[in-house]
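Inspection log for the structure reproduced underneath, given as structure tokens.
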Amino acid sequence: MDAQTKDVRDSVSFWLIISLVVILIIGWVVEGDVLIDFLVDLVSGPQVLTNPLFLSIVFPGLLYVSIVAAVAIYVERKIAAKIQIRIGPQYAGRVEGILQVVADGIKMAAKEFVIPRTVDVTFFVAAPILSLTVGMLSITVVPFSPTTVIFPFPVNLLLFFAIVSFFPLTALLAGWASNNKFSLIGAARALFQQASYEIPMLISALAPALLAGSLRIEDIVMAQKDMPFLFPAILSAIIFLAAALAETEKHPFEIPEADSEIVAGWMTEYSSMPYTLFMLAVYVKMISLSTLFTDLFLSGWLGPISLPPEAWTVVKSWIVLLIFLTVRALFPRIRIDQMLKMGWGSMLLLSVAGLFLAIALGMVVGL
């Protein structure tokens, strides 16, 4: 066994032990026996849907976001292929390549995780784990209904942005640990891009918060029972969507991963499952942002006809998600200087203007 292989195994073992310790501490801190309560609720009936363990593992937790991410990847490929008049996935699964994502998952799981000799092994291995952790944490504070939220918090809107702000740090950690000029350039781009667009996105999110008079997402949704905030805060909604596209590094903001310039950006040295974890984290972030947009501007789980509240949230968030996926095929990538100028210039000014416009229109319509 050479020194590099030994270092890798030691690092992986270290992070597995740390993860196990964290899980045990969380289990010890949580009051009551969560597993026993879950089994009791499972036998009892529908109340299992509000059990914390069910919310974390099934819906809207890990299982839900994993399925939606897999479907979104497939739909994104097919939409791009149709719009650009080219062949998309069509062989795996025979019917329109419907099993292509499954085939890709098997391929990634079977591939060897290659770690270059020059990387900082500990942080190189930790970066994709931390990225996915941050992505999963972002979905925990976004409510799908008054009772379907993993972590209820009094000011969960601010908590959401506090969690999302850690994403550029995970990209920077991955790029720095890779010890590669392309990775470091991509990481710097990701840091500049996400930091510059978080501010307009936060200011745009404050518009519905001011109209509702609360920083609690559940209160913002209930304040839209007469009218979705999309109408009085239309400019803020547009800015929020554009900033969310930049946050998820989707076209035309795919600058940190520009393959024609810097290979794959901060993910250049990653392969196999760690690369998959990074991609899953990006799509989880996209899901959480589309659901948050639904809650802030599209009246969340409120709908014109009687349906389960979670169903309305899922349907509306999928409409927003389709906008994310469609934009990729319609616009070319912009330059890094154009992106920064747009973020710190026009987007910032428009987000402030949208905030005042929402307040003015809200006073006119009596909100």
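Identifiers in the structure tokens: chain A, B, ... in order shown; residue index from 1 per chain; ligand index from 1 in order shown.
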
Tell me, as number ranges by chain, which residues lie within 9 Å of Val102 of chain A, counting only C-alpha atoms; anything in the same chain fewer than 4 positions away does not count.
A: 70, 92, 98, 106-107

Let's have the selection written as a PDB file, in the first residue's frame, with C-alpha atoms.
ATOM      1  CA  ALA A  70     -33.093  12.755 -10.737  1.00  0.00           C
ATOM      2  CA  ALA A  92     -31.269   3.711 -21.733  1.00  0.00           C
ATOM      3  CA  ILE A  98     -36.058   7.437 -19.322  1.00  0.00           C
ATOM      4  CA  ILE A 106     -24.693   3.209 -11.646  1.00  0.00           C
ATOM      5  CA  LYS A 107     -21.753   4.423 -13.736  1.00  0.00           C
TER       6      LYS A 107
END

So that I can check the surroundings of segment 72-80 of chain A, please list as a ChimeraX atom specification every protein, DNA and RNA residue that reaches within 12 Å of it, counting only C-alpha atoms and ignoring chain neighbours fewer than 3 positions away.
/A:65-69,83-90,92,96-105,250-251,276,279-280,282-284,286-287,317-331

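For the choices A:Ala126, A:Ala243, A:Leu292, A:Ala162, the atom-to-atom distance to Gly343 of chain A is smallest for A:Ala243 when using only C-alpha atoms.
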
In terms of the shortest atom-to-atom distance over only C-alpha atoms, which of A:Pro274, A:Leu191, A:Lys82, A:Ser56 is closest to Val114 of chain A?
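Under the stated criterion, the closest residue is A:Pro274.
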
Give me, please, the distance in Å between atom CA of Leu355 of chain A and atom CA of Gln224 of chain A, quoted to one decimal.
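Atom CA of Leu355 of chain A sits 17.0 Å away from atom CA of Gln224 of chain A.
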
All helix (DSSP H, G or I) positions in segment 198-347 of chain A, as a PyMOL selection string
chain A and resi 198-212+217-222+234-247+259-262+265-267+272-297+309-330+336-347

Selection near Leu350 of chain A, 12 Å with only C-alpha atoms, sequence-local residues under 5 positions removed, as a PyMOL selection string:
chain A and resi 199-201+203-204+233-240+242-243+342-345+355-358

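Minimum atom-to-atom distances from A:Asn179, A:Thr147, A:Asn156, A:Thr268 to Val121 of chain A were compared using only C-alpha atoms, and the lowest value belongs to A:Asn179.
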
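In this comparison, which uses only C-alpha atoms, the residue of A:Met222, A:Leu211, A:Phe293, A:Ile57 approaching Leu241 of chain A most closely is A:Phe293.
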
Residues at most 9 Å from Ala209 of chain A, counting only C-alpha atoms, excluding those fewer than 5 positions away in the same chain, as a PyMOL selection string?
chain A and resi 157+214-217+219-220+296

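Closest approach to Trp176 of chain A among A:Phe151, A:Phe231, A:Phe253, A:Phe124 is made by A:Phe124 (distances from only C-alpha atoms).
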
Rounded to one decimal in Å, what is the spacing between atom CA of Ser306 of chain A and atom CA of Lys285 of chain A?
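Going from atom CA of Ser306 of chain A over to atom CA of Lys285 of chain A covers 29.1 Å.
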
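Atom CA of Glu198 of chain A is found 13.5 Å from atom CA of Leu349 of chain A.
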
So that I can see what lies close to Phe166 of chain A, please list as a list of chain:residue names the residues with an atom at most 10 Å from it, counting only C-alpha atoms and leaving out residues fewer than 5 positions away in the same chain.
A:Leu130, A:Ser131, A:Val134, A:Gly135, A:Phe161, A:Ala171, A:Gln194, A:Ala195
